[in-house]
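One file, model-v8.pdb, is given below (PDB, C-alpha atoms and all ligand atoms).
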ATOM      1  CA  MET A   1     -23.942  12.808  -6.441
ATOM      2  CA  SER A   2     -24.140   9.767  -4.235
ATOM      3  CA  ASN A   3     -24.316   6.072  -4.991
ATOM      4  CA  GLY A   4     -26.220   5.466  -1.796
ATOM      5  CA  ASN A   5     -23.159   4.551   0.237
ATOM      6  CA  ASN A   6     -21.892   8.121   0.439
ATOM      7  CA  GLU A   7     -18.894   7.054  -1.569
ATOM      8  CA  GLN A   8     -17.415   9.922  -3.562
ATOM      9  CA  PRO A   9     -17.960   9.030  -7.214
ATOM     10  CA  ASN A  10     -14.449   9.908  -8.365
ATOM     11  CA  SER A  11     -12.544   8.388  -5.475
ATOM     12  CA  VAL A  12     -10.860   5.031  -5.652
ATOM     13  CA  ILE A  13     -10.045   5.358  -1.937
ATOM     14  CA  SER A  14     -12.417   7.049   0.473
ATOM     15  CA  LEU A  15     -11.950   7.183   4.245
ATOM     16  CA  GLN A  16     -14.774   8.866   6.138
ATOM     17  CA  SER A  17     -14.470   9.853   9.816
ATOM     18  CA  VAL A  18     -12.182   6.894  10.428
ATOM     19  CA  GLU A  19     -11.353   6.267  14.075
ATOM     20  CA  LYS A  20      -9.123   3.494  15.347
ATOM     21  CA  ILE A  21      -8.872   2.691  18.996
ATOM     22  CA  TYR A  22      -6.587  -0.140  20.105
ATOM     23  CA  LYS A  23      -7.229  -1.895  23.356
ATOM     24  CA  THR A  24      -4.000  -1.971  25.309
ATOM     25  CA  LYS A  25      -3.083  -3.047  28.827
ATOM     26  CA  ALA A  26      -2.803   0.609  29.741
ATOM     27  CA  GLY A  27      -6.340   1.243  28.429
ATOM     28  CA  PRO A  28      -7.779   2.338  25.086
ATOM     29  CA  LEU A  29      -5.311   3.968  22.708
ATOM     30  CA  ARG A  30      -6.896   6.307  20.169
ATOM     31  CA  VAL A  31      -4.602   6.086  17.164
ATOM     32  CA  LEU A  32      -6.733   7.504  14.327
ATOM     33  CA  LYS A  33      -8.878  10.447  15.354
ATOM     34  CA  GLY A  34     -11.403  11.010  12.592
ATOM     35  CA  VAL A  35      -9.538  10.743   9.315
ATOM     36  CA  ASP A  36     -11.180  11.874   6.064
ATOM     37  CA  LEU A  37      -9.253  11.093   2.904
ATOM     38  CA  GLU A  38     -10.295  11.006  -0.750
ATOM     39  CA  ILE A  39      -7.892   9.659  -3.350
ATOM     40  CA  LYS A  40      -8.771   9.640  -7.050
ATOM     41  CA  GLU A  41      -7.918   6.985  -9.582
ATOM     42  CA  GLY A  42      -4.378   7.371 -10.870
ATOM     43  CA  GLU A  43      -3.175   9.584  -8.007
ATOM     44  CA  PHE A  44       0.261   9.063  -6.469
ATOM     45  CA  VAL A  45       0.134   9.958  -2.778
ATOM     46  CA  ALA A  46       2.851  10.003  -0.134
ATOM     47  CA  ILE A  47       1.929   9.556   3.524
ATOM     48  CA  VAL A  48       4.455  11.182   5.853
ATOM     49  CA  GLY A  49       4.595  11.985   9.551
ATOM     50  CA  PRO A  50       6.501  11.216  12.735
ATOM     51  CA  SER A  51       7.042   7.713  14.053
ATOM     52  CA  GLY A  52       3.989   6.519  15.961
ATOM     53  CA  SER A  53       1.655   9.100  14.379
ATOM     54  CA  GLY A  54      -0.558   6.406  12.817
ATOM     55  CA  LYS A  55       0.722   6.022   9.235
ATOM     56  CA  SER A  56       0.810   2.217   9.199
ATOM     57  CA  THR A  57      -2.545   2.078  10.951
ATOM     58  CA  LEU A  58      -3.979   4.356   8.256
ATOM     59  CA  ILE A  59      -2.478   2.268   5.469
ATOM     60  CA  ASN A  60      -3.867  -0.903   7.076
ATOM     61  CA  MET A  61      -7.369   0.609   6.851
ATOM     62  CA  ILE A  62      -6.918   0.995   3.075
ATOM     63  CA  THR A  63      -5.702  -2.568   2.528
ATOM     64  CA  GLY A  64      -8.284  -3.980   4.925
ATOM     65  CA  ILE A  65      -5.490  -5.617   6.925
ATOM     66  CA  ASP A  66      -7.100  -3.883   9.890
ATOM     67  CA  ARG A  67     -10.523  -2.295  10.289
ATOM     68  CA  PRO A  68     -11.673   0.945  11.858
ATOM     69  CA  THR A  69     -13.389   1.182  15.239
ATOM     70  CA  SER A  70     -15.811   3.584  13.556
ATOM     71  CA  GLY A  71     -16.128   5.355  10.229
ATOM     72  CA  GLU A  72     -16.295   4.046   6.691
ATOM     73  CA  VAL A  73     -13.705   2.806   4.227
ATOM     74  CA  PHE A  74     -14.369   2.397   0.502
ATOM     75  CA  VAL A  75     -11.637   1.113  -1.771
ATOM     76  CA  ALA A  76     -11.985   0.219  -5.447
ATOM     77  CA  GLY A  77     -15.757   0.389  -5.190
ATOM     78  CA  GLN A  78     -15.982  -1.874  -2.151
ATOM     79  CA  ARG A  79     -17.269  -0.913   1.277
ATOM     80  CA  LEU A  80     -14.662  -2.722   3.368
ATOM     81  CA  THR A  81     -16.374  -2.219   6.690
ATOM     82  CA  LYS A  82     -19.202  -4.512   5.528
ATOM     83  CA  LEU A  83     -17.006  -7.493   4.612
ATOM     84  CA  SER A  84     -15.932 -10.440   6.734
ATOM     85  CA  GLU A  85     -12.230 -11.110   7.212
ATOM     86  CA  ASN A  86     -12.340 -13.845   4.565
ATOM     87  CA  GLN A  87     -14.145 -11.630   2.105
ATOM     88  CA  VAL A  88     -11.611  -8.849   2.684
ATOM     89  CA  ALA A  89      -8.726 -11.241   2.036
ATOM     90  CA  LYS A  90     -10.300 -12.350  -1.249
ATOM     91  CA  TRP A  91     -11.104  -8.792  -2.242
ATOM     92  CA  ARG A  92      -7.548  -7.646  -1.413
ATOM     93  CA  GLY A  93      -6.050 -10.433  -3.484
ATOM     94  CA  ARG A  94      -7.913  -9.166  -6.528
ATOM     95  CA  ASN A  95      -7.772  -5.409  -6.067
ATOM     96  CA  VAL A  96      -4.850  -4.269  -3.957
ATOM     97  CA  GLY A  97      -1.119  -4.915  -4.110
ATOM     98  CA  VAL A  98       0.781  -4.436  -0.864
ATOM     99  CA  VAL A  99       4.522  -3.902  -0.380
ATOM    100  CA  PHE A 100       6.114  -3.703   3.048
ATOM    101  CA  GLN A 101       9.481  -2.508   4.321
ATOM    102  CA  PHE A 102      10.535  -6.051   5.096
ATOM    103  CA  PHE A 103       9.698  -7.816   1.928
ATOM    104  CA  GLN A 104       7.740 -10.691   3.403
ATOM    105  CA  LEU A 105       8.475 -13.161   0.647
ATOM    106  CA  LEU A 106       7.791 -16.727   1.678
ATOM    107  CA  PRO A 107      11.226 -18.243   2.341
ATOM    108  CA  THR A 108      10.233 -21.776   1.372
ATOM    109  CA  LEU A 109       9.059 -20.748  -2.106
ATOM    110  CA  THR A 110      11.249 -19.715  -5.022
ATOM    111  CA  VAL A 111      10.998 -16.188  -6.401
ATOM    112  CA  ILE A 112       8.679 -17.203  -9.237
ATOM    113  CA  GLU A 113       6.511 -19.266  -6.887
ATOM    114  CA  ASN A 114       6.188 -16.228  -4.627
ATOM    115  CA  VAL A 115       5.074 -14.101  -7.575
ATOM    116  CA  MET A 116       2.505 -16.721  -8.610
ATOM    117  CA  MET A 117       0.979 -16.911  -5.121
ATOM    118  CA  PRO A 118      -1.679 -14.159  -5.435
ATOM    119  CA  MET A 119      -2.913 -15.648  -8.709
ATOM    120  CA  HIS A 120      -4.673 -18.372  -6.727
ATOM    121  CA  TYR A 121      -7.204 -15.739  -5.688
ATOM    122  CA  THR A 122      -8.174 -14.760  -9.197
ATOM    123  CA  GLY A 123      -8.360 -18.162 -10.753
ATOM    124  CA  THR A 124      -5.713 -17.324 -13.345
ATOM    125  CA  PHE A 125      -5.357 -20.581 -15.280
ATOM    126  CA  GLN A 126      -2.546 -22.706 -13.916
ATOM    127  CA  GLY A 127      -0.870 -22.768 -17.324
ATOM    128  CA  GLN A 128      -0.843 -18.967 -17.550
ATOM    129  CA  ARG A 129       0.494 -18.299 -14.072
ATOM    130  CA  LYS A 130       4.112 -19.120 -14.866
ATOM    131  CA  GLU A 131       4.036 -17.062 -18.024
ATOM    132  CA  ARG A 132       2.495 -14.058 -16.269
ATOM    133  CA  ALA A 133       4.946 -14.379 -13.344
ATOM    134  CA  MET A 134       7.867 -14.472 -15.754
ATOM    135  CA  GLU A 135       6.576 -11.331 -17.505
ATOM    136  CA  LEU A 136       6.442  -9.564 -14.154
ATOM    137  CA  LEU A 137       9.935 -10.733 -13.234
ATOM    138  CA  GLU A 138      11.181  -9.357 -16.532
ATOM    139  CA  MET A 139       9.476  -6.075 -15.778
ATOM    140  CA  VAL A 140      11.349  -5.767 -12.475
ATOM    141  CA  ASP A 141      14.517  -6.988 -14.179
ATOM    142  CA  LEU A 142      14.779 -10.255 -12.263
ATOM    143  CA  PRO A 143      14.280 -13.067 -14.775
ATOM    144  CA  ASP A 144      17.629 -14.635 -13.883
ATOM    145  CA  VAL A 145      16.765 -15.319 -10.251
ATOM    146  CA  ALA A 146      13.282 -16.760 -10.854
ATOM    147  CA  HIS A 147      14.223 -20.157  -9.473
ATOM    148  CA  LYS A 148      16.298 -18.979  -6.523
ATOM    149  CA  TYR A 149      15.029 -18.722  -2.982
ATOM    150  CA  PRO A 150      14.637 -15.301  -1.309
ATOM    151  CA  SER A 151      17.608 -15.969   0.986
ATOM    152  CA  GLN A 152      19.817 -16.388  -2.097
ATOM    153  CA  ILE A 153      19.210 -12.900  -3.514
ATOM    154  CA  SER A 154      19.956  -9.345  -2.327
ATOM    155  CA  GLY A 155      17.596  -7.085  -0.393
ATOM    156  CA  GLY A 156      16.995  -4.907  -3.454
ATOM    157  CA  GLN A 157      16.208  -7.982  -5.526
ATOM    158  CA  GLN A 158      13.864  -9.280  -2.829
ATOM    159  CA  GLN A 159      12.012  -5.992  -2.803
ATOM    160  CA  ARG A 160      11.636  -6.049  -6.582
ATOM    161  CA  ALA A 161      10.321  -9.606  -6.330
ATOM    162  CA  ALA A 162       7.854  -8.385  -3.690
ATOM    163  CA  ILE A 163       6.691  -5.687  -6.107
ATOM    164  CA  ALA A 164       6.272  -8.244  -8.885
ATOM    165  CA  ARG A 165       4.169 -10.293  -6.486
ATOM    166  CA  ALA A 166       2.114  -7.221  -5.510
ATOM    167  CA  LEU A 167       1.395  -6.620  -9.215
ATOM    168  CA  ALA A 168       0.488 -10.224 -10.008
ATOM    169  CA  ASN A 169      -3.225  -9.504 -10.363
ATOM    170  CA  ASN A 170      -2.938  -6.067 -12.000
ATOM    171  CA  PRO A 171      -4.225  -4.322  -8.877
ATOM    172  CA  LYS A 172      -6.042  -1.005  -9.213
ATOM    173  CA  VAL A 173      -4.381   0.174  -6.030
ATOM    174  CA  LEU A 174      -0.808  -0.342  -4.878
ATOM    175  CA  VAL A 175      -0.027   0.389  -1.249
ATOM    176  CA  GLY A 176       3.447   0.561   0.241
ATOM    177  CA  ASP A 177       4.443   0.886   3.892
ATOM    178  CA  GLU A 178       8.015   2.186   3.704
ATOM    179  CA  PRO A 179       8.654   0.051   0.617
ATOM    180  CA  THR A 180      12.034   1.686   0.081
ATOM    181  CA  GLY A 181      12.902   1.830   3.782
ATOM    182  CA  ASN A 182      15.273  -1.078   3.643
ATOM    183  CA  LEU A 183      16.896  -0.348   0.299
ATOM    184  CA  ASP A 184      20.080   1.404  -0.753
ATOM    185  CA  VAL A 185      19.692   4.668  -2.667
ATOM    186  CA  VAL A 186      20.083   3.074  -6.106
ATOM    187  CA  SER A 187      17.511   0.317  -5.481
ATOM    188  CA  ALA A 188      15.131   2.849  -3.927
ATOM    189  CA  GLY A 189      15.476   5.059  -7.021
ATOM    190  CA  LEU A 190      14.771   2.137  -9.360
ATOM    191  CA  MET A 191      11.728   1.205  -7.371
ATOM    192  CA  PHE A 192      10.471   4.746  -7.392
ATOM    193  CA  ALA A 193      10.857   4.926 -11.186
ATOM    194  CA  MET A 194       8.831   1.744 -11.434
ATOM    195  CA  PHE A 195       6.075   3.292  -9.317
ATOM    196  CA  GLU A 196       6.030   6.355 -11.559
ATOM    197  CA  ASP A 197       5.549   4.110 -14.606
ATOM    198  CA  LEU A 198       2.669   2.308 -12.916
ATOM    199  CA  VAL A 199       0.991   5.622 -12.097
ATOM    200  CA  LYS A 200       1.297   6.627 -15.761
ATOM    201  CA  GLN A 201      -0.524   3.413 -16.628
ATOM    202  CA  GLY A 202      -3.373   4.369 -14.281
ATOM    203  CA  THR A 203      -2.497   2.555 -11.044
ATOM    204  CA  THR A 204      -3.301   4.459  -7.870
ATOM    205  CA  ILE A 205      -0.374   4.397  -5.434
ATOM    206  CA  VAL A 206      -0.308   5.300  -1.758
ATOM    207  CA  MET A 207       3.042   5.013  -0.081
ATOM    208  CA  VAL A 208       4.275   5.734   3.421
ATOM    209  CA  THR A 209       7.796   7.090   3.430
ATOM    210  CA  HIS A 210      10.221   8.676   5.861
ATOM    211  CA  ASP A 211      12.363   9.781   2.951
ATOM    212  CA  ARG A 212      11.812  13.513   2.440
ATOM    213  CA  ASP A 213      13.590  13.543  -0.937
ATOM    214  CA  LEU A 214      11.312  10.794  -2.193
ATOM    215  CA  ALA A 215       8.188  12.430  -0.746
ATOM    216  CA  GLY A 216       9.230  15.662  -2.477
ATOM    217  CA  GLN A 217       8.955  13.907  -5.842
ATOM    218  CA  ILE A 218       5.457  12.592  -5.176
ATOM    219  CA  PRO A 219       2.686  14.875  -6.483
ATOM    220  CA  ARG A 220       0.500  14.747  -3.371
ATOM    221  CA  VAL A 221       1.776  14.537   0.175
ATOM    222  CA  GLU A 222      -0.497  13.891   3.151
ATOM    223  CA  GLU A 223       0.935  14.388   6.605
ATOM    224  CA  VAL A 224      -0.264  12.464   9.651
ATOM    225  CA  ARG A 225       0.158  14.135  13.025
ATOM    226  CA  ASP A 226      -1.034  12.409  16.147
ATOM    227  CA  GLY A 227      -3.715  10.386  14.378
ATOM    228  CA  GLN A 228      -5.051  13.167  12.175
ATOM    229  CA  LEU A 229      -4.324  14.372   8.673
ATOM    230  CA  MET A 230      -2.934  17.876   8.672
ATOM    231  CA  SER A 231      -4.972  20.266   6.606
ATOM    232  CA  GLN A 232      -3.334  21.820   3.571
ATOM    233  CA  GLU A 233      -3.780  25.224   5.279
ATOM    234  CA  ALA A 234      -1.804  24.090   8.306
ATOM    235  CA  ILE A 235       0.978  22.789   6.077
ATOM    236  CA  ASP A 236       1.003  26.068   4.106
ATOM    237  CA  GLN A 237       1.057  28.139   7.294
ATOM    238  CA  ARG A 238       4.015  26.174   8.519
ATOM    239  CA  LEU A 239       5.801  26.807   5.229
ATOM    240  CA  VAL A 240       5.056  30.520   5.505
ATOM    241  CA  ALA A 241       6.352  30.499   9.072
ATOM    242  CA  GLY A 242       9.505  28.914   7.712
ATOM    243  CA  ARG A 243       9.355  25.905   9.950
ATOM    244  CA  GLN A 244       9.895  22.313   8.869
TER     245      GLN A 244
HETATM  246  N1  LIG B   1      -1.996  -3.605  17.130
HETATM  247  C1  LIG B   1      -1.753  -2.569  17.940
HETATM  248  N2  LIG B   1      -2.128  -2.613  19.246
HETATM  249  C2  LIG B   1      -1.903  -1.572  20.064
HETATM  250  N3  LIG B   1      -1.305  -0.421  19.692
HETATM  251  C3  LIG B   1      -0.895  -0.327  18.414
HETATM  252  C4  LIG B   1      -1.086  -1.380  17.475
HETATM  253  N4  LIG B   1      -0.577  -1.012  16.274
HETATM  254  C5  LIG B   1      -0.094   0.240  16.462
HETATM  255  N5  LIG B   1      -0.268   0.645  17.734
HETATM  256  C6  LIG B   1       0.104   1.950  18.294
HETATM  257  O1  LIG B   1      -0.515   2.940  17.492
HETATM  258  C7  LIG B   1       0.322   4.074  17.324
HETATM  259  C8  LIG B   1       0.522   4.318  15.830
HETATM  260  O2  LIG B   1       1.224   3.228  15.272
HETATM  261  P1  LIG B   1       1.602   3.136  13.735
HETATM  262  O3  LIG B   1       2.294   1.855  13.543
HETATM  263  O4  LIG B   1       0.400   3.390  12.918
HETATM  264  O5  LIG B   1       2.610   4.368  13.585
HETATM  265  P2  LIG B   1       3.526   4.795  12.338
HETATM  266  O6  LIG B   1       3.194   6.215  12.039
HETATM  267  O7  LIG B   1       3.383   3.816  11.240
HETATM  268  O8  LIG B   1       4.989   4.737  12.965
HETATM  269  P3  LIG B   1       6.392   4.330  12.274
HETATM  270  O9  LIG B   1       6.810   5.517  11.455
HETATM  271  O10 LIG B   1       7.294   4.112  13.432
HETATM  272  O11 LIG B   1       6.177   3.091  11.449
HETATM  273  C9  LIG B   1       1.602   3.755  18.074
HETATM  274  O12 LIG B   1       1.507   4.357  19.334
HETATM  275  C10 LIG B   1       1.570   2.244  18.189
HETATM  276  O13 LIG B   1       2.264   1.829  19.318
HETATM  277 MG    MG B   2       4.676   2.411  10.376
END
Would you mind writing the file out in C-alpha cells?
Ligand SMILES: Nc1ncnc2c1ncn2[C@@H]1O[C@H](COP(=O)(O)OP(=O)(O)OP(=O)(O)O)[C@@H](O)[C@H]1O
Ligand SMILES: [Mg+2]
Amino acid sequence: MSNGNNEQPNSVISLQSVEKIYKTKAGPLRVLKGVDLEIKEGEFVAIVGPSGSGKSTLINMITGIDRPTSGEVFVAGQRLTKLSENQVAKWRGRNVGVVFQFFQLLPTLTVIENVMMPMHYTGTFQGQRKERAMELLEMVDLPDVAHKYPSQISGGQQQRAAIARALANNPKVLVGDEPTGNLDVVSAGLMFAMFEDLVKQGTTIVMVTHDRDLAGQIPRVEEVRDGQLMSQEAIDQRLVAGRQ
C-alpha cells in the first residue's frame, strides 16, 4: 500500500536510494551510495561501521541536519527532502531528539535553561516549561544541578542533561551519534538503560556506536561499509566464515 509518496506505511524512518556526494577540493566525494533503510515505530537500531564509512552522514539525513544529493527521506510522516532549511529546523524541534558525542549544551545557559530550549519550538506555555524541564531532570537523576552551568558538572551529568533536552518535546524519534562515546562505562550503562526504557514506551531510537558490547545489546544492528548498508546475508556469511 502506498500513501502516494512511496513511504512505507509502517516505517517511522524511510530512506530510499539515498546518495550523498560532498564537494571537496579534491573533487566530488561520494559518501552514501544508495542507502535504503526502513525503521518501524518503536525499533531500537544500532548503526555500526568503520570510521569514515558514512555513519554520521547517514544519521544527519534522518535528523535533516544534512540533506541527500538524491533519494528520498521520510521521518515521522514528513518528506524531509521537500522542506526548506527553516521548515526542517521547526519539524526537527517537534519530532526528533538528537544527542551527540560532545554534548553541545549551551555554556551560557544553566542546565534547566538548556532543557527548556527546544520547548520554544512547540509553544509549550512559558509557565509549564520549567515544570516539564524539572520532570525531565528528575528522570535523568539531575534535579540537584538544575541551576548550575554545564562547565560546573561532570561529563556524564552533561550527557544526561543533553538527553533531557533531547526529550523535551516527547520526540517520536531519538537519534544519537556516539552518545556514549565520551562517557565512562557506568555513565554509558545508565544512559543505555534509559534508552531501553524509552523504547519500551514506544520511542524509536537510532544510535551510532563504536562500542561492540553496547551494539550487541541492541535488537537490530545495521552496518555501514563504504557508504552502503551491508545486507543481512553478507553479515551472516561473514559470521559463518568466522570473521569479525
Ligand atoms: N561536510 C563534509 N564535507 C566533505 N566531506 C565530508 C563531510 N562530512 C563528512 N565527510 C567525509 O565523508 C566521509 C564519511 O564521514 P562520516 O562523518 O559520515 O563518517 P563516520 O562513519 O561517521 O566516521 P566516524 O566513525 O569517524 O565518526 C568521510 O570521508 C568524511 O571525511
Ligand atoms: Mg561519525
Around all listed atoms of region 44-47 of chain A, padded 5 Å per side, what centre and edge lengths does the axis-aligned box have in Å to one decimal, as lines of an AutoDock Vina configuration file?
center_x = 1.5
center_y = 9.5
center_z = -1.5
size_x = 12.7
size_y = 10.9
size_z = 20.0
I'd like the neighbourhood of Ile59 (chain A) as number ranges by chain, where a residue qualifies if any of its atoms comes within 9 Å (using only C-alpha atoms), though same-chain residues fewer than 6 positions away should be ignored. A: 47, 65-66, 175-177, 206-208
I need the residue set behind the PyMOL selection byres (((chain A and resi 218) around 12) and not hetatm) for this file; please write it as a list in words.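 On the file shown, the PyMOL selection byres (((chain A and resi 218) around 12) and not hetatm) covers Glu43, Phe44, Val45, Ala46, Ile47, Val48, Phe192, Ala193, Phe195, Glu196, Val199, Ile205, Val206, Met207, Val208, Thr209, Asp211, Arg212, Asp213, Leu214, Ala215, Gly216, Gln217, Pro219, Arg220, Val221 and Glu222 of chain A.
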Considering all atoms listed in the file, give me a table of residues in chain A that are at most 9 Å from ligand LIG 1 (chain B), with the closest atom pair and distance in Å for each, as a tab-separated table.
residue	atom	partner	partner_atom	distance
A:Lys20	CA	B:LIG1	O1	8.9
A:Ile21	CA	B:LIG1	N3	8.2
A:Tyr22	CA	B:LIG1	C2	4.9
A:Lys23	CA	B:LIG1	C2	6.3
A:Thr24	CA	B:LIG1	C2	5.7
A:Lys25	CA	B:LIG1	C2	9.0
A:Pro28	CA	B:LIG1	C2	8.7
A:Leu29	CA	B:LIG1	N3	6.7
A:Arg30	CA	B:LIG1	O1	7.7
A:Val31	CA	B:LIG1	O1	5.2
A:Leu32	CA	B:LIG1	C8	8.1
A:Val48	CA	B:LIG1	O6	8.0
A:Gly49	CA	B:LIG1	O6	6.4
A:Pro50	CA	B:LIG1	O9	5.8
A:Ser51	CA	B:LIG1	O9	3.4
A:Gly52	CA	B:LIG1	O5	3.5
A:Ser53	CA	B:LIG1	O6	4.0
A:Gly54	CA	B:LIG1	O4	3.2
A:Lys55	CA	B:LIG1	O6	3.7
A:Ser56	CA	B:LIG1	O7	3.7
A:Thr57	CA	B:LIG1	O4	3.8
A:Leu58	CA	B:LIG1	O4	6.5
A:Ile59	CA	B:LIG1	O4	8.1
A:Asn60	CA	B:LIG1	O4	8.4
A:Asp66	CA	B:LIG1	N1	8.9
A:Asp177	CA	B:LIG1	O7	8.0
A:Glu178	CA	B:LIG1	O11	8.0
A:Val208	CA	B:LIG1	O7	8.1
A:Thr209	CA	B:LIG1	O9	8.2
A:His210	CA	B:LIG1	O9	7.3
A:Val224	CA	B:LIG1	O6	7.5
A:Arg225	CA	B:LIG1	O6	8.5
A:Asp226	CA	B:LIG1	C8	8.2
A:Gly227	CA	B:LIG1	C8	7.5
I'd like the contact shell of region 156-158 of chain A - 6 Å cut-off, all atoms listed in the file, skipping same-chain residues fewer than 2 positions apart - returned as JSON, numbers by chain. {"A": [154, 160, 161, 183, 187]}
Run the PyMOL selection byres (((chain A and resi 203) around 9) and not hetatm) on the file and write out the hits as a PyMOL selection string. chain A and resi 41-44+170-174+195+197-202+204-205
Excluding Leu136 (chain A) and residues on its chain fewer than 4 positions from it, collect all residues at most 12 Å away from it, counting only C-alpha atoms, and give them as a VMD selection string. chain A and resid 111 to 112 114 to 116 129 to 132 140 to 143 146 160 to 170 194
Can you spit out the residues from that selection as a PDB file, in the coordinates of the input, using C-alpha atoms?
ATOM      1  CA  VAL A 111      10.998 -16.188  -6.401  1.00  0.00           C
ATOM      2  CA  ILE A 112       8.679 -17.203  -9.237  1.00  0.00           C
ATOM      3  CA  ASN A 114       6.188 -16.228  -4.627  1.00  0.00           C
ATOM      4  CA  VAL A 115       5.074 -14.101  -7.575  1.00  0.00           C
ATOM      5  CA  MET A 116       2.505 -16.721  -8.610  1.00  0.00           C
ATOM      6  CA  ARG A 129       0.494 -18.299 -14.072  1.00  0.00           C
ATOM      7  CA  LYS A 130       4.112 -19.120 -14.866  1.00  0.00           C
ATOM      8  CA  GLU A 131       4.036 -17.062 -18.024  1.00  0.00           C
ATOM      9  CA  ARG A 132       2.495 -14.058 -16.269  1.00  0.00           C
ATOM     10  CA  VAL A 140      11.349  -5.767 -12.475  1.00  0.00           C
ATOM     11  CA  ASP A 141      14.517  -6.988 -14.179  1.00  0.00           C
ATOM     12  CA  LEU A 142      14.779 -10.255 -12.263  1.00  0.00           C
ATOM     13  CA  PRO A 143      14.280 -13.067 -14.775  1.00  0.00           C
ATOM     14  CA  ALA A 146      13.282 -16.760 -10.854  1.00  0.00           C
ATOM     15  CA  ARG A 160      11.636  -6.049  -6.582  1.00  0.00           C
ATOM     16  CA  ALA A 161      10.321  -9.606  -6.330  1.00  0.00           C
ATOM     17  CA  ALA A 162       7.854  -8.385  -3.690  1.00  0.00           C
ATOM     18  CA  ILE A 163       6.691  -5.687  -6.107  1.00  0.00           C
ATOM     19  CA  ALA A 164       6.272  -8.244  -8.885  1.00  0.00           C
ATOM     20  CA  ARG A 165       4.169 -10.293  -6.486  1.00  0.00           C
ATOM     21  CA  ALA A 166       2.114  -7.221  -5.510  1.00  0.00           C
ATOM     22  CA  LEU A 167       1.395  -6.620  -9.215  1.00  0.00           C
ATOM     23  CA  ALA A 168       0.488 -10.224 -10.008  1.00  0.00           C
ATOM     24  CA  ASN A 169      -3.225  -9.504 -10.363  1.00  0.00           C
ATOM     25  CA  ASN A 170      -2.938  -6.067 -12.000  1.00  0.00           C
ATOM     26  CA  MET A 194       8.831   1.744 -11.434  1.00  0.00           C
TER      27      MET A 194
END
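Atom pair CA of Gln104 (chain A) / CA of Val73 (chain A) has a distance of 25.4 Å (rounded to one decimal).
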Of the candidates A:Gly71, A:Met139, A:Thr108, A:His120, which shows the shortest atom-to-atom distance to Arg94 (chain A), using only C-alpha atoms?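 For Arg94 (chain A), the nearest of the given residues is A:His120.
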Gap from CA of Ile13 (chain A) to CA of Gln78 (chain A) - Å, one decimal: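 For CA of Ile13 (chain A) relative to CA of Gln78 (chain A), the distance reads 9.4 Å.
CA of Val75 (chain A) lies 18.6 Å from CA of Pro118 (chain A).
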Of the candidates A:Gln228, A:Gln101, A:Glu138, A:Gln237, which one gets nearest to ligand MG 2 (chain B) if we count only C-alpha atoms and all ligand atoms? A:Gln101
Calculated over all atoms listed in the file, which of the candidates A:Asp184, A:Lys90, A:Gly34, A:Phe100 has the smallest distance to ligand MG 2 (chain B)?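 Looking only at the distances to ligand MG 2 (chain B), the closest residue turns out to be A:Phe100.
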Given the choices A:Gly93, A:Gly123, A:Gly64, A:Pro179, which gets closest to ligand MG 2 (chain B) if the distance is worked out from all atoms listed in the file?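 Among A:Gly93, A:Gly123, A:Gly64, A:Pro179, it is A:Pro179 that comes nearest to ligand MG 2 (chain B).
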Using all atoms listed in the file, which of the listed residues (A:Phe102, A:Lys33, A:Val185, A:Asn86) sits closest to ligand MG 2 (chain B)?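 Selected residue with least distance to ligand MG 2 (chain B): A:Phe102.
Picked by the PyMOL selection byres (((chain A and resi 77) around 10) and not hetatm) from the coordinates shown: Glu7, Gln8, Pro9, Ser11, Val12, Ile13, Ser14, Val73, Phe74, Val75, Ala76, Gln78, Arg79, Leu80 and Asn95 of chain A.
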Please determine, counting only C-alpha atoms, which residue among A:Leu190, A:Val35, A:Leu109, A:Met117 has the shortest atom-to-atom distance to Thr69 (chain A).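 With only C-alpha atoms as the atom set, the closest residue is A:Val35.
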